[in-house]
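Undergrad: Contents are mmCIF, C-alpha atoms; file name target-v7.cif:
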data_upload
loop_
_atom_site.label_atom_id
_atom_site.label_comp_id
_atom_site.auth_asym_id
_atom_site.auth_seq_id
_atom_site.Cartn_x
_atom_site.Cartn_y
_atom_site.Cartn_z
CA MET A 347 -76.43 -29.79 -39.99
CA ASP A 348 -75.22 -29.40 -36.42
CA ARG A 349 -77.61 -27.43 -34.21
CA LYS A 350 -74.76 -25.29 -32.87
CA VAL A 351 -73.81 -24.23 -36.41
CA ILE A 352 -77.38 -23.15 -37.11
CA ILE A 353 -77.57 -21.23 -33.83
CA ILE A 354 -74.31 -19.39 -34.52
CA LEU A 355 -75.41 -18.61 -38.08
CA LEU A 356 -78.68 -17.20 -36.72
CA ILE A 357 -76.76 -15.16 -34.15
CA SER A 358 -74.50 -13.76 -36.88
CA PHE A 359 -77.55 -12.72 -38.92
CA LEU A 360 -79.07 -11.20 -35.78
CA LEU A 361 -75.83 -9.23 -35.23
CA MET A 362 -75.95 -8.00 -38.84
CA GLY A 363 -79.53 -6.87 -38.33
CA LEU A 364 -78.67 -5.15 -35.05
CA ASP A 365 -75.66 -3.43 -36.64
CA ARG A 366 -77.77 -2.23 -39.54
CA THR A 367 -80.58 -0.99 -37.29
CA PHE A 368 -78.85 0.36 -34.20
CA GLY A 369 -75.15 0.32 -35.08
CA LEU A 370 -72.64 -1.62 -33.03
CA SER A 371 -69.82 0.91 -33.23
CA TRP A 372 -69.34 0.79 -29.44
CA LEU A 373 -68.48 -2.90 -29.75
CA ARG A 374 -66.00 -2.18 -32.53
CA LEU A 375 -64.51 0.66 -30.52
CA ILE A 376 -63.67 -1.71 -27.67
CA GLY A 377 -62.32 -4.39 -30.01
CA GLN A 378 -60.34 -2.00 -32.17
CA SER A 379 -58.67 -0.29 -29.23
CA VAL A 380 -57.16 -3.68 -28.39
CA LEU A 381 -56.65 -5.10 -31.89
CA SER A 382 -55.49 -2.00 -33.84
CA PRO A 383 -52.00 -1.88 -32.26
CA VAL A 384 -51.58 -5.61 -32.95
CA SER A 385 -52.79 -5.06 -36.52
CA TYR A 386 -50.33 -2.19 -36.96
CA GLY A 387 -47.47 -4.34 -35.63
CA ILE A 388 -48.30 -7.19 -38.01
CA TYR A 389 -48.67 -4.71 -40.89
CA GLN A 390 -45.19 -3.34 -40.14
CA ILE A 391 -43.75 -6.87 -40.09
CA GLY A 392 -45.42 -7.57 -43.45
CA PHE A 393 -44.18 -4.27 -44.84
CA GLN A 394 -40.58 -4.83 -43.74
CA THR A 395 -40.63 -8.43 -45.00
CA ARG A 396 -41.92 -7.20 -48.34
CA GLN A 397 -39.17 -4.56 -48.52
CA ILE A 398 -36.46 -7.13 -47.76
CA THR A 399 -37.88 -9.63 -50.27
CA ASP A 400 -38.16 -6.96 -52.94
CA PHE A 401 -34.58 -5.87 -52.25
CA ILE A 402 -33.21 -9.41 -52.53
CA VAL A 403 -35.20 -10.12 -55.70
CA SER A 404 -34.09 -6.86 -57.29
CA LEU A 405 -30.35 -7.31 -56.62
CA PRO A 406 -29.47 -8.89 -60.00
CA PHE A 407 -31.04 -5.94 -61.81
CA VAL A 408 -29.60 -3.24 -59.60
CA TYR A 409 -26.17 -3.08 -61.28
CA LYS A 410 -27.69 -2.82 -64.75
CA GLU A 411 -30.17 -0.21 -63.62
CA ASN A 412 -27.46 1.76 -61.88
CA ARG A 413 -25.62 2.27 -65.17
CA VAL A 414 -28.81 3.49 -66.81
CA TRP A 415 -29.49 5.89 -63.93
CA GLU A 416 -25.96 7.28 -64.08
CA ALA A 417 -26.55 8.25 -67.69
CA LYS A 418 -29.93 9.66 -66.74
CA VAL A 419 -28.41 11.76 -63.95
CA LYS A 420 -26.00 13.32 -66.43
CA GLU A 421 -28.89 14.19 -68.72
CA LEU A 422 -30.83 15.67 -65.81
CA GLU A 423 -27.87 17.77 -64.72
CA ALA A 424 -27.91 19.34 -68.16
CA ASP A 425 -31.66 19.92 -67.93
CA LEU A 426 -31.26 21.53 -64.54
CA VAL A 427 -29.69 24.57 -66.15
CA SER A 428 -32.93 25.45 -67.92
CA LEU A 429 -35.07 24.67 -64.88
CA VAL A 430 -34.77 28.07 -63.20
CA GLU A 431 -36.26 29.74 -66.23
CA ILE A 432 -39.07 27.17 -66.39
CA GLN A 433 -39.74 27.57 -62.69
CA GLN A 434 -40.32 31.28 -63.09
CA GLU A 435 -42.56 30.66 -66.08
CA ASN A 436 -44.42 28.02 -64.09
CA LYS A 437 -45.07 30.43 -61.25
CA VAL A 438 -46.63 32.93 -63.64
CA LEU A 439 -48.80 30.19 -65.17
CA ARG A 440 -49.90 28.87 -61.79
CA ASP A 441 -50.90 32.35 -60.71
CA GLN A 442 -52.93 32.70 -63.88
CA LEU A 443 -54.54 29.27 -63.78
CA ASN A 444 -54.75 28.77 -60.02
CA VAL A 445 -53.77 25.13 -60.49
CA LEU A 446 -51.20 23.10 -58.57
CA ALA A 447 -50.64 26.02 -56.30
CA VAL A 448 -49.03 25.56 -52.93
CA ARG A 449 -51.78 24.10 -50.80
CA ASP A 450 -52.66 25.47 -47.44
CA GLU A 451 -54.89 22.75 -46.09
CA GLU A 452 -55.19 21.09 -42.73
CA MET A 453 -54.22 17.45 -42.86
CA ILE A 454 -54.39 14.54 -40.48
CA LEU A 455 -51.56 12.04 -40.55
CA ALA A 456 -52.97 8.51 -40.33
CA ARG A 457 -51.10 5.22 -40.11
CA VAL A 458 -52.18 2.33 -42.29
CA VAL A 459 -53.03 -0.63 -40.06
CA GLY A 460 -54.50 -3.04 -42.61
CA SER A 461 -56.97 -3.55 -45.38
CA GLN A 462 -60.38 -5.18 -45.66
CA THR A 463 -62.67 -6.46 -48.35
CA LYS A 464 -65.73 -4.30 -48.95
CA GLY A 465 -67.88 -5.51 -51.81
CA ASP A 466 -65.64 -5.91 -54.84
CA SER A 467 -62.79 -3.85 -53.47
CA LEU A 468 -60.13 -3.75 -50.84
CA VAL A 469 -60.37 -0.77 -48.48
CA LEU A 470 -57.44 0.61 -46.50
CA MET A 471 -57.86 0.72 -42.74
CA VAL A 472 -56.19 3.67 -40.95
CA ASP A 473 -55.85 4.54 -37.28
CA LYS A 474 -57.70 7.87 -37.29
CA GLY A 475 -61.45 8.27 -37.02
CA VAL A 476 -64.28 10.60 -36.01
CA ARG A 477 -62.49 11.53 -32.80
CA ASP A 478 -59.59 12.91 -34.84
CA GLY A 479 -61.85 14.92 -37.13
CA VAL A 480 -62.14 12.47 -40.02
CA TYR A 481 -65.53 12.25 -41.69
CA GLU A 482 -67.00 10.30 -44.59
CA GLY A 483 -66.17 11.57 -48.05
CA VAL A 484 -62.90 13.34 -47.24
CA VAL A 485 -59.91 12.68 -49.47
CA ALA A 486 -56.70 10.86 -48.54
CA ILE A 487 -53.38 11.71 -50.18
CA ASN A 488 -49.78 10.58 -50.00
CA GLY A 489 -47.37 13.35 -50.94
CA ASN A 490 -48.86 14.80 -54.10
CA ALA A 491 -50.53 11.51 -55.06
CA LEU A 492 -54.21 10.85 -54.61
CA VAL A 493 -54.87 7.75 -52.48
CA GLY A 494 -58.67 7.66 -52.28
CA ARG A 495 -61.59 8.83 -50.20
CA VAL A 496 -62.92 7.86 -46.81
CA VAL A 497 -65.98 5.64 -47.20
CA ASP A 498 -66.57 4.58 -43.62
CA VAL A 499 -65.63 6.19 -40.32
CA GLN A 500 -65.61 4.82 -36.82
CA PRO A 501 -64.50 6.52 -33.61
CA ASN A 502 -60.82 5.53 -33.87
CA THR A 503 -60.62 4.04 -37.36
CA SER A 504 -61.57 4.95 -40.88
CA TYR A 505 -61.63 3.07 -44.17
CA ILE A 506 -60.32 4.51 -47.43
CA LEU A 507 -61.54 3.33 -50.82
CA PRO A 508 -58.48 3.56 -53.11
CA ILE A 509 -58.78 5.48 -56.39
CA PHE A 510 -58.15 2.26 -58.31
CA ALA A 511 -60.82 0.21 -56.50
CA VAL A 512 -63.30 -1.56 -58.76
CA ASP A 513 -65.73 0.96 -60.28
CA SER A 514 -64.04 3.90 -58.53
CA ARG A 515 -64.06 6.89 -60.93
CA VAL A 516 -61.67 9.83 -60.93
CA PRO A 517 -61.94 12.59 -63.57
CA VAL A 518 -58.44 13.43 -64.78
CA LYS A 519 -56.49 15.65 -67.11
CA ILE A 520 -53.00 15.42 -68.54
CA SER A 521 -50.49 17.30 -66.39
CA SER A 522 -48.28 18.49 -69.26
CA THR A 523 -51.02 20.46 -71.02
CA ASN A 524 -52.35 23.83 -69.94
CA ASP A 525 -55.83 22.66 -70.87
CA GLN A 526 -58.08 22.70 -67.81
CA LYS A 527 -60.62 20.31 -69.26
CA THR A 528 -61.08 16.75 -68.08
CA VAL A 529 -59.70 14.36 -70.72
CA GLY A 530 -61.21 11.20 -69.30
CA ILE A 531 -62.12 9.13 -66.29
CA VAL A 532 -59.74 6.78 -64.49
CA VAL A 533 -61.68 3.66 -63.56
CA GLY A 534 -60.68 0.64 -61.47
CA ARG A 535 -61.30 -2.79 -62.94
CA TYR A 536 -61.01 -6.34 -61.69
CA ASN A 537 -57.57 -7.99 -61.34
CA ASP A 538 -55.96 -4.72 -60.24
CA ARG A 539 -56.40 -3.18 -63.70
CA VAL A 540 -56.74 0.58 -63.89
CA ILE A 541 -57.84 2.21 -67.12
CA LEU A 542 -58.49 5.65 -68.53
CA THR A 543 -61.83 5.74 -70.34
CA ASP A 544 -64.17 8.20 -72.04
CA VAL A 545 -61.33 9.93 -73.91
CA LEU A 546 -62.42 11.50 -77.18
CA GLN A 547 -60.66 10.23 -80.30
CA GLU A 548 -59.26 13.67 -81.15
CA GLN A 549 -57.55 13.90 -77.76
CA SER A 550 -53.87 12.93 -78.02
CA LEU A 551 -52.64 10.43 -75.50
CA PHE A 552 -49.07 9.19 -75.21
CA VAL A 553 -47.42 6.48 -73.19
CA GLY A 554 -45.75 8.19 -70.23
CA ASP A 555 -48.30 11.02 -69.94
CA LEU A 556 -48.92 11.86 -66.29
CA LEU A 557 -52.53 12.19 -65.18
CA ILE A 558 -53.72 14.52 -62.44
CA SER A 559 -57.17 14.89 -60.94
CA SER A 560 -59.22 17.53 -62.73
CA GLY A 561 -61.51 18.28 -59.81
CA GLU A 562 -64.62 17.80 -61.92
CA GLY A 563 -67.54 16.36 -59.99
CA GLY A 564 -66.30 17.85 -56.74
CA ILE A 565 -65.34 14.58 -55.08
CA PHE A 566 -61.58 14.74 -55.62
CA PRO A 567 -59.64 18.01 -55.48
CA VAL A 568 -57.82 19.36 -58.51
CA GLY A 569 -54.14 18.80 -59.23
CA TYR A 570 -53.25 15.53 -57.47
CA TYR A 571 -51.23 12.86 -59.24
CA VAL A 572 -53.38 9.87 -60.22
CA GLY A 573 -51.17 7.76 -62.49
CA LYS A 574 -49.12 7.34 -65.64
CA ILE A 575 -50.29 6.04 -69.01
CA THR A 576 -48.58 2.76 -69.86
CA LYS A 577 -50.56 1.69 -72.93
CA VAL A 578 -52.94 3.49 -75.28
CA GLU A 579 -55.72 1.56 -76.98
CA SER A 580 -57.54 3.24 -79.84
CA GLU A 581 -59.86 1.84 -82.47
CA GLU A 582 -61.05 4.02 -85.32
CA ALA A 583 -64.61 2.72 -85.09
CA ALA A 584 -64.86 3.42 -81.38
CA ILE A 585 -66.15 6.71 -80.01
CA PHE A 586 -63.69 6.80 -77.14
CA LYS A 587 -60.07 5.88 -76.60
CA THR A 588 -58.89 3.96 -73.58
CA ALA A 589 -55.52 3.63 -71.91
CA THR A 590 -53.99 1.42 -69.26
CA ILE A 591 -52.74 3.28 -66.20
CA ASP A 592 -49.96 2.64 -63.72
CA PRO A 593 -51.64 4.07 -60.60
CA SER A 594 -49.93 6.66 -58.40
CA ILE A 595 -50.05 4.41 -55.36
CA LYS A 596 -49.46 0.80 -54.53
CA LEU A 597 -51.31 -0.40 -51.46
CA GLU A 598 -48.49 -2.61 -50.27
CA THR A 599 -46.06 0.33 -50.14
CA LEU A 600 -48.26 2.64 -48.07
CA THR A 601 -47.46 3.02 -44.39
CA SER A 602 -49.21 6.32 -43.80
CA VAL A 603 -51.54 8.75 -45.54
CA PHE A 604 -52.69 12.31 -45.06
CA ILE A 605 -56.42 12.82 -44.69
CA LYS A 606 -57.68 16.25 -45.70
CA LYS A 607 -59.77 17.88 -42.97
CA MET B 954 -52.77 -25.87 -22.99
CA VAL B 955 -53.07 -26.60 -26.71
CA PRO B 956 -56.60 -25.10 -27.05
CA TYR B 957 -55.45 -21.80 -25.50
CA ILE B 958 -52.49 -21.57 -27.83
CA LEU B 959 -54.74 -22.40 -30.76
CA PHE B 960 -57.25 -19.71 -29.74
CA ILE B 961 -54.50 -17.07 -29.53
CA THR B 962 -53.06 -18.24 -32.86
CA THR B 963 -56.53 -18.03 -34.42
CA ILE B 964 -56.96 -14.45 -33.16
CA LEU B 965 -53.49 -13.47 -34.39
CA LEU B 966 -54.08 -15.05 -37.79
CA SER B 967 -57.40 -13.24 -38.07
CA VAL B 968 -55.71 -9.92 -37.33
CA ALA B 969 -52.95 -10.90 -39.79
CA GLN B 970 -55.56 -11.54 -42.47
CA VAL B 971 -56.65 -7.91 -42.10
CA SER B 972 -53.14 -6.48 -41.72
CA LEU B 973 -51.48 -8.41 -44.52
CA ALA B 974 -54.32 -8.41 -47.06
CA SER B 975 -52.57 -5.95 -49.38
CA PHE B 976 -49.34 -8.01 -49.33
CA MET B 977 -51.07 -11.28 -50.12
CA MET B 978 -53.21 -10.67 -53.17
CA VAL B 979 -53.82 -13.44 -55.69
CA GLY B 980 -55.75 -12.33 -58.77
CA GLY B 981 -57.11 -9.30 -56.96
CA VAL B 982 -58.35 -11.36 -54.00
CA ALA B 983 -56.72 -11.24 -50.58
CA VAL B 984 -55.71 -14.69 -49.35
CA PRO B 985 -58.00 -15.54 -46.41
CA ILE B 986 -55.38 -17.02 -44.08
CA ALA B 987 -57.75 -17.10 -41.10
CA ALA B 988 -60.27 -19.11 -43.15
CA ILE B 989 -57.50 -21.55 -44.10
CA ALA B 990 -56.54 -21.80 -40.41
CA VAL B 991 -60.17 -22.49 -39.46
CA TRP B 992 -60.34 -25.17 -42.14
CA LEU B 993 -57.11 -26.76 -40.82
CA ILE B 994 -58.29 -26.65 -37.21
CA SER B 995 -61.79 -27.97 -37.94
CA ARG B 996 -60.20 -30.76 -39.93
CA ASN B 997 -58.20 -31.94 -36.95
CA ARG B 998 -60.25 -30.91 -33.93
CA ARG B 999 -63.82 -31.59 -32.85
CA ASN B 1000 -64.49 -28.12 -31.47
CA GLY B 1001 -63.49 -26.32 -34.68
CA LEU B 1002 -66.74 -24.35 -34.59
CA TYR B 1003 -65.50 -22.25 -31.65
CA TYR B 1004 -62.30 -21.39 -33.51
CA ALA B 1005 -64.41 -20.36 -36.52
CA LEU B 1006 -66.51 -18.18 -34.21
CA VAL B 1007 -63.44 -16.53 -32.65
CA ALA B 1008 -61.82 -15.91 -36.06
CA GLY B 1009 -65.03 -14.46 -37.49
CA LEU B 1010 -65.70 -12.17 -34.52
CA THR B 1011 -62.09 -10.91 -34.54
CA ILE B 1012 -62.28 -9.95 -38.21
CA ASP B 1013 -65.75 -8.44 -37.68
CA LEU B 1014 -64.29 -6.13 -35.04
CA LEU B 1015 -61.83 -4.76 -37.60
CA SER B 1016 -64.23 -4.72 -40.53
CA PRO B 1017 -66.08 -1.77 -42.03
CA SER B 1018 -68.91 -4.10 -43.10
CA LEU B 1019 -71.89 -5.22 -41.05
CA PHE B 1020 -70.95 -6.90 -37.79
CA GLY B 1021 -71.41 -10.65 -38.18
CA VAL B 1022 -70.51 -11.01 -41.87
CA TYR B 1023 -67.17 -12.69 -41.22
CA THR B 1024 -68.57 -14.78 -38.36
CA CYS B 1025 -71.18 -16.12 -40.78
CA ALA B 1026 -68.53 -16.76 -43.46
CA MET B 1027 -66.15 -18.53 -41.05
CA VAL B 1028 -68.91 -20.75 -39.66
CA CYS B 1029 -69.81 -21.64 -43.25
CA VAL B 1030 -66.18 -22.70 -43.90
CA TYR B 1031 -66.45 -24.97 -40.86
CA ALA B 1032 -69.87 -26.32 -41.88
CA LEU B 1033 -68.86 -26.98 -45.50
CA ASN B 1034 -65.71 -28.75 -44.35
CA ARG B 1035 -67.72 -30.89 -41.97
CA ILE B 1036 -70.36 -31.78 -44.55
CA ILE B 1037 -67.72 -32.82 -47.10
CA ARG B 1038 -65.82 -34.78 -44.46
CA GLU B 1039 -68.96 -36.64 -43.42
CA ARG B 1040 -70.03 -37.40 -46.98
CA LEU B 1041 -66.68 -38.15 -48.60
CA GLY B 1042 -64.19 -38.56 -45.80
CA THR B 1043 -60.85 -36.74 -45.78
CA HIS B 1044 -58.48 -39.63 -46.18
CA THR B 1045 -57.40 -38.76 -49.70
CA ILE B 1046 -55.56 -35.65 -50.84
CA LEU B 1047 -58.26 -35.05 -53.44
CA ASN B 1048 -60.98 -34.88 -50.78
CA SER B 1049 -58.92 -32.52 -48.65
CA VAL B 1050 -58.22 -30.22 -51.60
CA LEU B 1051 -61.91 -30.37 -52.57
CA SER B 1052 -63.08 -29.49 -49.08
CA LEU B 1053 -60.55 -26.63 -48.81
CA GLY B 1054 -61.50 -25.32 -52.26
CA ILE B 1055 -65.24 -25.43 -51.59
CA GLY B 1056 -64.77 -23.96 -48.11
CA LEU B 1057 -62.73 -20.99 -49.40
CA LEU B 1058 -65.04 -20.45 -52.35
CA GLY B 1059 -68.01 -20.40 -49.99
CA TYR B 1060 -66.17 -18.00 -47.69
CA LEU B 1061 -65.25 -15.59 -50.50
CA LEU B 1062 -68.75 -15.67 -51.98
CA ILE B 1063 -70.43 -14.99 -48.63
CA VAL B 1064 -68.00 -12.17 -47.82
CA ARG B 1065 -68.44 -10.60 -51.25
CA LEU B 1066 -72.23 -10.84 -51.13
CA LEU B 1067 -72.67 -9.67 -47.56
CA THR B 1068 -70.06 -6.88 -47.60
CA ALA B 1069 -71.73 -5.39 -50.66
CA TRP B 1070 -75.06 -5.39 -48.78
#
Before anything else, please render the file you have as structure tokens.
TA:
Amino acid sequence: MDRKVIIILLISFLLMGLDRTFGLSWLRLIGQSVLSPVSYGIYQIGFQTRQITDFIVSLPFVYKENRVWEAKVKELEADLVSLVEIQQENKVLRDQLNVLAVRDEEMILARVVGSQTKGDSLVLMVDKGVRDGVYEGVVAINGNALVGRVVDVQPNTSYILPIFAVDSRVPVKISSTNDQKTVGIVVGRYNDRVILTDVLQEQSLFVGDLLISSGEGGIFPVGYYVGKITKVESEEAAIFKTATIDPSIKLETLTSVFIKK
Amino acid sequence: MVPYILFITTILLSVAQVSLASFMMVGGVAVPIAAIAVWLISRNRRNGLYYALVAGLTIDLLSPSLFGVYTCAMVCVYALNRIIRERLGTHTILNSVLSLGIGLLGYLLIVRLLTAW
């Protein structure tokens, strides 16, 4: 093999060793201050292109869907009448259970500037880091949906491991029940599959059930939307049921996230 | 003039690989456009190693993994491409596809192994 190739390979291993021993965050800081804005610009171009492509592709279905939604809107208008009563009832329940209450937490708004491979998973790269008060282990959300947790922090950048990353585990419960117990664990699998596992056979699961984080384990806070059940798989001989999940977030649609301080 | 333009393109493609990873997923794997660019450049130019180095260092700057992982992977893409070209030649489409396939496979394996480290 070419001597230059061997020298560069040795240098790259030396850099890895130096990074592991001393940390080369200062070098990244310099590079990222130049490259992050470029990365954000390219991400925005990709995002807009994706939006336009999706819009064009979806046009043939839009008319059909519109008719369905019109009917749905009429149904919802009828439901709205009973909502006031439910809202009052909900307030009483929330006070009693202390779940899904209005949150008073300090958040940091971070822009998504890209994503990177880390082991088996893709991690989201955002433009806020230690200097903005982000630290490892904090949770990222988008609206009321759980995005993931920060797994690596640098001065101006941090990396979020999404909740559906391979082997990521989120204890969840079903949002429609008053039961506070965890019903199962949402686990990321290869090929973008997300499943609900460790559900006892006696637990009822239905397609369309919404899953929220149960807070068990202390990593993720309670009450954030995690996903919707799209398929339930149950075998009588098995101890646990499993279900396929449509996760609360899609990486390609995220432009910003809130990081909990 | 061409080398400068190619260097800037390589840097931009490397940043694009990071920025657009979530939009370009095939079977759960982000398409490594910078690695493909390095393969294309090293196929047509003698000093492809320097482009591999630039692409790797650029991605390393934006990576949460150990610094040097992507440099190592990119240089391996170049080296694999060169070895295959020297042994088999790149005159046929089959050889080109083979060298690209092996190069990308090597790249993905190295990245997966070293980023998990």
Undergrad: Got a sec to resolve the PyMOL selection byres ((chain B) within 10 of (chain A)) on this structure and send the residues as number ranges by chain?
TA: B: 964-983, 1002-1003, 1006, 1009-1029, 1031-1033, 1035-1036, 1061, 1064-1070
Undergrad: Just checking: using only C-alpha atoms, which residue out of A:Ile520, A:Ile591, A:Ala584, A:Leu546 ends up closest to Gly569 (chain A)?
TA: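 Answer, going by the shortest atom-to-atom distance: A:Ile520.
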Undergrad: I want to know what sits within 7 Å of Ala988 (chain B), based on only C-alpha atoms, with residues of the same chain fewer than 3 positions away left out; could you give that as a ChimeraX atom specification?
TA: /B:985,991-992,1027,1030,1057
Undergrad: Show which residues sit within 12 Å of Leu1051 (chain B), as a list of chain:residue names. Count all atoms listed in the file, and ignore same-chain residues fewer than 4 positions away.
TA: B:Trp992, B:Leu1033, B:Asn1034, B:Ile1036, B:Ile1037, B:Arg1038, B:Leu1041, B:Gly1042, B:Thr1043, B:His1044, B:Thr1045, B:Ile1046, B:Leu1047, B:Ile1055, B:Gly1056, B:Leu1057, B:Leu1058, B:Gly1059
Undergrad: From (-54.4, -23.8, -29.1), in the file's coordinates, out to 12 Å: which residues are reached, counting only C-alpha atoms? Answer as a ChimeraX atom specification.
TA: /B:954-965,990-991,994,997-998,1000-1001,1003-1004
Undergrad: Could you pull out every residue with an atom within 9 Å of (-50.8, 7.9, -69.7), file coordinates, counting all atoms listed in the file, and send them as a short mmCIF file (atom, residue, chain, number, x, y, z; two decimals) with C-alpha atoms, keeping the file's coordinate frame?
TA:
data_model
loop_
_atom_site.label_atom_id
_atom_site.label_comp_id
_atom_site.auth_asym_id
_atom_site.auth_seq_id
_atom_site.Cartn_x
_atom_site.Cartn_y
_atom_site.Cartn_z
CA ILE A 520 -53.00 15.42 -68.54
CA LEU A 542 -58.49 5.65 -68.53
CA LEU A 551 -52.64 10.43 -75.50
CA PHE A 552 -49.07 9.19 -75.21
CA VAL A 553 -47.42 6.48 -73.19
CA GLY A 554 -45.75 8.19 -70.23
CA ASP A 555 -48.30 11.02 -69.94
CA LEU A 556 -48.92 11.86 -66.29
CA LEU A 557 -52.53 12.19 -65.18
CA GLY A 573 -51.17 7.76 -62.49
CA LYS A 574 -49.12 7.34 -65.64
CA ILE A 575 -50.29 6.04 -69.01
CA THR A 576 -48.58 2.76 -69.86
CA LYS A 577 -50.56 1.69 -72.93
CA VAL A 578 -52.94 3.49 -75.28
CA ALA A 589 -55.52 3.63 -71.91
CA THR A 590 -53.99 1.42 -69.26
CA ILE A 591 -52.74 3.28 -66.20
CA ASP A 592 -49.96 2.64 -63.72
#
Undergrad: I need the residue set behind the PyMOL selection byres ((chain A and resi 517) around 6) for this file; please write it as a list in words.
TA: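 Expected selection for the PyMOL selection byres ((chain A and resi 517) around 6) here is Val516, Val518, Gly530, Ile531, Ser559 and Ser560 of chain A.
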Undergrad: CA of Ala1005 (chain B) and CA of Ile353 (chain A) are how many Å apart?
TA: 13.5 Å
Undergrad: What is the CA of Val484 (chain A)-CA of Asn436 (chain A) distance in Å, reported with one decimal?
TA: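 These two atoms are separated by 29.0 Å.
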Undergrad: Which residue, A:Val540, A:Ile509, A:Leu429, A:Leu439, has the smallest gap to Ala491 (chain A) when you use only C-alpha atoms?
TA: A:Ile509
Undergrad: Distance CA of Thr367 (chain A)-CA of Pro501 (chain A), one decimal place?
TA: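 These atoms are spaced 18.1 Å apart.
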Undergrad: Return the single residue from A:Ile402, A:Val480, A:Ile595, A:Leu422 that is closest to Met453 (chain A), with distances computed using all atoms listed in the file.
TA: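 Counting all atoms listed in the file, the residue closest to Met453 (chain A) is A:Val480.
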Undergrad: Starting from the shown file, work through the PyMOL selection byres ((chain A and resi 570) around 8) and note down what comes out as number ranges by chain.
TA: A: 446, 490-492, 558-559, 567-569, 571-572
Undergrad: Report, as AutoDock Vina command-line options, the axis-aligned box around all atoms of region 1020-1024 of chain B present in the file, extended by 3 Å on each side; give centre and edge lengths in Å to one decimal place.
TA:
--center_x -69.3 --center_y -10.8 --center_z -39.8 --size_x 10.2 --size_y 13.9 --size_z 10.1
Undergrad: Kindly add N, CA and C atoms to the incomplete region 353-364 of chain A and provide the output as a tab-separated table (two decimals), keeping the file's coordinate frame.
TA:
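Full text of result_1.tsv as output:
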chain	number	residue	atom	x	y	z
A	353	ILE	N	-77.38	-22.29	-34.84
A	353	ILE	CA	-77.57	-21.23	-33.83
A	353	ILE	C	-76.58	-20.09	-34.06
A	354	ILE	N	-75.31	-20.44	-34.32
A	354	ILE	CA	-74.31	-19.39	-34.52
A	354	ILE	C	-74.60	-18.60	-35.80
A	355	LEU	N	-75.05	-19.31	-36.84
A	355	LEU	CA	-75.41	-18.61	-38.08
A	355	LEU	C	-76.55	-17.63	-37.82
A	356	LEU	N	-77.54	-18.08	-37.05
A	356	LEU	CA	-78.68	-17.20	-36.72
A	356	LEU	C	-78.22	-15.99	-35.91
A	357	ILE	N	-77.29	-16.26	-34.96
A	357	ILE	CA	-76.76	-15.16	-34.15
A	357	ILE	C	-76.02	-14.14	-35.04
A	358	SER	N	-75.24	-14.68	-36.01
A	358	SER	CA	-74.50	-13.76	-36.88
A	358	SER	C	-75.45	-12.91	-37.71
A	359	PHE	N	-76.56	-13.51	-38.17
A	359	PHE	CA	-77.55	-12.72	-38.92
A	359	PHE	C	-78.24	-11.70	-38.01
A	360	LEU	N	-78.47	-12.11	-36.75
A	360	LEU	CA	-79.07	-11.20	-35.78
A	360	LEU	C	-78.14	-10.00	-35.54
A	361	LEU	N	-76.81	-10.31	-35.42
A	361	LEU	CA	-75.83	-9.23	-35.23
A	361	LEU	C	-75.83	-8.27	-36.41
A	362	MET	N	-75.92	-8.85	-37.64
A	362	MET	CA	-75.95	-8.00	-38.84
A	362	MET	C	-77.18	-7.09	-38.80
A	363	GLY	N	-78.30	-7.66	-38.42
A	363	GLY	CA	-79.53	-6.87	-38.33
A	363	GLY	C	-79.42	-5.78	-37.28
A	364	LEU	N	-78.84	-6.13	-36.12
A	364	LEU	CA	-78.67	-5.15	-35.05
A	364	LEU	C	-77.73	-4.03	-35.47
